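To be precise, the following lines are entry.txt, and they hold compact mmCIF, C-alpha atoms.
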# COMPACT_ATOMS: atom_id res chain seq x y z
CA MET A 20 4.43 8.20 -75.87
CA ALA A 21 7.59 9.76 -74.60
CA TYR A 22 10.49 7.74 -73.32
CA ASN A 23 11.66 8.93 -69.91
CA GLY A 24 15.07 7.22 -69.86
CA ARG A 25 14.21 4.65 -67.18
CA ASN A 26 13.20 1.70 -69.36
CA ASN A 27 9.55 2.72 -69.32
CA TYR A 28 7.32 5.31 -70.86
CA GLN A 29 5.88 8.35 -69.12
CA ASN A 30 2.33 7.10 -69.47
CA GLY A 31 3.29 3.79 -67.84
CA GLN A 32 2.85 1.64 -70.92
CA GLY A 33 5.56 -0.38 -72.57
CA GLY A 34 9.11 -0.85 -71.40
CA TYR A 35 10.49 -3.26 -68.86
CA ASN A 36 8.72 -1.94 -65.78
CA SER A 37 5.23 -2.44 -67.16
CA ARG A 38 5.93 -6.13 -67.81
CA TYR A 39 7.66 -6.76 -64.49
CA GLN A 40 5.41 -8.25 -61.86
CA GLN A 41 6.17 -7.91 -58.20
CA PRO A 42 6.71 -11.29 -56.54
CA SER A 43 3.67 -12.40 -54.58
CA LEU A 44 2.51 -15.22 -52.38
CA PRO A 45 1.08 -18.23 -54.26
CA ASP A 46 -2.56 -18.24 -55.33
CA GLY A 47 -4.74 -19.91 -52.72
CA TYR A 48 -2.08 -19.48 -50.03
CA LEU A 49 -3.61 -19.92 -46.55
CA ASP A 50 -7.11 -20.45 -47.96
CA GLY A 51 -8.71 -22.77 -45.45
CA GLY A 52 -5.77 -22.63 -43.04
CA TYR A 53 -2.95 -25.08 -42.36
CA PHE A 54 -5.08 -28.15 -41.64
CA SER A 55 -7.14 -30.62 -43.62
CA PRO A 56 -10.62 -31.28 -42.19
CA ALA A 57 -10.70 -34.00 -39.54
CA LYS A 58 -12.18 -37.31 -40.66
CA ASP A 59 -14.18 -39.70 -38.48
CA GLY A 60 -12.87 -38.49 -35.14
CA GLN A 61 -9.25 -38.38 -36.28
CA LYS A 62 -6.97 -35.51 -35.39
CA ARG A 63 -6.66 -32.78 -38.04
CA ALA A 64 -3.54 -33.17 -40.16
CA MET A 65 -1.40 -30.37 -41.53
CA LYS A 66 -1.74 -29.94 -45.29
CA ARG A 67 1.31 -31.21 -47.18
CA GLU A 68 1.60 -28.10 -49.36
CA TYR A 69 2.69 -26.03 -46.35
CA ILE A 70 5.80 -28.20 -46.07
CA LEU A 71 6.43 -29.40 -49.63
CA GLY A 72 4.86 -26.91 -52.04
CA TYR A 73 4.43 -23.39 -50.82
CA PRO A 74 7.78 -23.03 -49.00
CA GLU A 75 9.86 -23.41 -52.15
CA GLN A 76 7.61 -21.02 -54.09
CA ILE A 77 7.73 -18.46 -51.28
CA ALA A 78 11.51 -18.74 -50.94
CA ARG A 79 11.90 -18.10 -54.68
CA ALA A 80 9.61 -15.08 -54.44
CA LEU A 81 11.58 -13.76 -51.45
CA ASP A 82 14.87 -14.03 -53.35
CA ASP A 83 16.25 -10.48 -53.42
CA ARG A 84 19.91 -9.52 -53.79
CA ASP A 85 19.75 -6.73 -51.23
CA LYS A 86 16.96 -7.73 -48.86
CA ASN A 87 15.51 -10.86 -47.27
CA LYS A 88 18.94 -12.23 -46.49
CA SER A 89 18.89 -15.57 -44.72
CA THR A 90 20.36 -14.08 -41.55
CA GLN A 91 17.60 -11.44 -41.42
CA LEU A 92 14.82 -13.98 -41.95
CA ARG A 93 16.43 -16.31 -39.45
CA LYS A 94 16.01 -13.61 -36.76
CA PHE A 95 12.25 -13.84 -37.23
CA TYR A 96 12.33 -17.62 -37.10
CA ASP A 97 14.49 -17.54 -33.95
CA TYR A 98 11.95 -15.21 -32.33
CA CYS A 99 9.27 -17.83 -33.07
CA ILE A 100 11.49 -20.50 -31.52
CA ARG A 101 11.62 -18.45 -28.30
CA ILE A 102 7.81 -18.35 -28.30
CA ARG A 103 7.74 -22.13 -28.82
CA ASP A 104 10.13 -22.54 -25.89
CA ALA A 105 7.79 -20.49 -23.68
CA LEU A 106 4.90 -22.74 -24.71
CA GLU A 107 6.92 -25.84 -23.91
CA GLN A 108 7.72 -24.41 -20.48
CA GLY A 109 4.03 -24.33 -19.66
CA LYS A 110 2.75 -20.97 -20.87
CA THR A 111 -0.58 -20.95 -22.64
CA PHE A 112 -1.01 -19.63 -26.16
CA GLN A 113 -3.03 -16.72 -24.77
CA GLU A 114 -0.02 -15.75 -22.62
CA VAL A 115 2.33 -15.60 -25.62
CA GLU A 116 -0.14 -14.47 -28.28
CA SER A 117 0.73 -10.78 -27.93
CA ASP A 118 4.43 -11.61 -28.34
CA PHE A 119 3.63 -13.60 -31.46
CA CYS A 120 1.51 -10.77 -32.90
CA ARG A 121 4.50 -8.43 -32.53
CA LEU A 122 6.06 -10.23 -35.50
CA THR A 123 4.00 -8.06 -37.84
CA ALA A 124 5.36 -4.86 -36.31
CA PHE A 125 8.92 -6.25 -36.35
CA ALA A 126 8.56 -7.13 -40.03
CA LYS A 127 7.22 -3.68 -40.90
CA TYR A 128 10.12 -2.09 -38.98
CA ALA A 129 12.62 -4.24 -40.90
CA GLU A 130 10.95 -3.23 -44.17
CA ASN A 131 11.22 0.44 -43.21
CA ARG A 132 14.94 -0.13 -42.63
CA SER A 133 15.24 -1.82 -46.07
CA ARG A 134 16.13 -5.19 -44.56
CA VAL A 135 13.12 -7.12 -45.88
CA THR A 136 10.67 -6.71 -48.74
CA SER A 137 6.97 -5.96 -48.56
CA LEU A 138 6.40 -9.56 -49.64
CA PHE A 139 8.02 -10.82 -46.43
CA VAL A 140 5.87 -8.40 -44.42
CA ASP A 141 2.81 -9.81 -46.21
CA PHE A 142 3.97 -13.38 -45.47
CA ILE A 143 4.34 -12.63 -41.76
CA ASP A 144 1.15 -10.57 -41.52
CA ARG A 145 -1.07 -13.15 -43.23
CA ASN A 146 0.29 -15.98 -41.09
CA VAL A 147 0.00 -14.01 -37.84
CA LYS A 148 -3.65 -13.30 -38.65
CA ILE A 149 -4.62 -16.96 -39.01
CA VAL A 150 -2.69 -18.32 -36.01
CA GLN A 151 -5.32 -18.54 -33.27
CA SER A 152 -4.12 -21.44 -31.13
CA LYS A 153 -1.12 -23.40 -29.98
CA GLU A 154 -1.88 -26.00 -32.65
CA SER A 155 -1.91 -23.45 -35.47
CA PHE A 156 1.23 -21.77 -34.06
CA TYR A 157 3.10 -25.08 -34.30
CA ALA A 158 1.83 -25.52 -37.87
CA PHE A 159 3.09 -22.03 -38.75
CA LEU A 160 6.44 -22.83 -37.15
CA LYS A 161 6.83 -25.96 -39.30
CA HIS A 162 5.81 -24.00 -42.38
CA PHE A 163 8.21 -21.13 -41.61
CA GLU A 164 11.02 -23.62 -40.98
CA ALA A 165 10.42 -25.11 -44.44
CA VAL A 166 10.51 -21.64 -46.04
CA ILE A 167 13.81 -20.85 -44.29
CA ALA A 168 15.25 -24.16 -45.53
CA TYR A 169 14.73 -23.05 -49.15
CA ILE A 170 16.23 -19.57 -48.72
CA LYS A 171 19.56 -19.19 -50.50
CA LYS A 172 22.54 -18.04 -48.47
Now that the file is in, can you turn its structure into C-alpha cells?
Amino acid sequence: MAYNGRNNYQNGQGGYNSRYQQPSLPDGYLDGGYFSPAKDGQKRAMKREYILGYPEQIARALDDRDKNKSTQLRKFYDYCIRIRDALEQGKTFQEVESDFCRLTAFAKYAENRSRVTSLFVDFIDRNVKIVQSKESFYAFLKHFEAVIAYIKK
C-alpha cells in the first residue's frame, strides 16, 4: 500500500477517509409516512418521532461548517410557509403541488452552488416524494420546522 499524502492510501484502505462515514438520514426515516394508523374511526395522528426524535438527529447530520447554514435552510422553510399561506387562502393542494415539488430542484441548485450538502438534498427529495395531500404537507411543515429549530446558528 502506498501512502498518497492525503490521509488515505491509494487503494482506498486505511487512513482517515476510509473510516469516515458520510452523514445520512436516520434508519427507518419516513418508513410508513408521517402518520400512525387511525384507530376506531379516529383521525390519524402524526408520529411523535417526526417532532421529537428525527429532527435533532437530522440537524446534527446537517451540521457543516461551510454549508447548510441556518439562513440557507430557512429560505427553504420560508418557501414552504408561502405554500401554506396559499393553502390557507383557499387554494387546493393540487393547485400548489407543482410549486411544492420545485423544492427538489431548488435544493439541487443550492447544492450545485455549494450552499447545501447532498444530505439536505436527500432530506428535501425524500419528503417531497411522500407528500401527496394537504394533510401530509402540513405534517412535513411541522417536521421541517422542528429540524430548523435544532440547526445551530
- [ ] State, in Å with one decimal place, the distance from CA of His162 in chain A to CA of Ala80 in chain A.
- [x] 15.5 Å
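Nearest to Tyr48 in chain A of all the residues A:Tyr157, A:Phe142, A:Tyr169, A:Phe112 is A:Phe142, counting all atoms listed in the file.
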Open item on the list: (-6.9, -21.8, -39.4) in this file's frame - what residues fall within 9 Å of it? Use only C-alpha atoms and give the answer as a ChimeraX atom specification.
Closed with: /A:49-54,149-152,155
Find the spatial neighbours of Val166 in chain A, counting all atoms listed in the file, within a cut-off of 9 Å - ignore same-chain residues fewer than 5 positions away - and output them as a compact mmCIF listing (two decimals) with C-alpha atoms, in the frame of the given file.
# COMPACT_ATOMS: atom_id res chain seq x y z
CA TYR A 69 2.69 -26.03 -46.35
CA ILE A 70 5.80 -28.20 -46.07
CA TYR A 73 4.43 -23.39 -50.82
CA PRO A 74 7.78 -23.03 -49.00
CA GLU A 75 9.86 -23.41 -52.15
CA GLN A 76 7.61 -21.02 -54.09
CA ILE A 77 7.73 -18.46 -51.28
CA ALA A 78 11.51 -18.74 -50.94
CA LYS A 161 6.83 -25.96 -39.30
Open item on the list: Just want the 12 Å neighbourhood of Ala124 in chain A, counted on only C-alpha atoms, with same-chain residues fewer than 2 positions away dropped. Output as a list of chain:residue names.
Closed with: A:Phe95, A:Ser117, A:Asp118, A:Phe119, A:Cys120, A:Arg121, A:Leu122, A:Ala126, A:Lys127, A:Tyr128, A:Ala129, A:Glu130, A:Asn131, A:Val140, A:Asp141, A:Ile143, A:Asp144, A:Val147
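Distances here use all atoms listed in the file; by that measure, the residue among A:Ala165, A:Ala158, A:Ala64, A:Val135 closest to Gln91 in chain A is A:Val135.
Compared by their closest atoms to Cys99 in chain A, and using all atoms listed in the file, the residues A:Leu138, A:Ala168, A:Val115, A:Leu44 rank with A:Val115 nearest.
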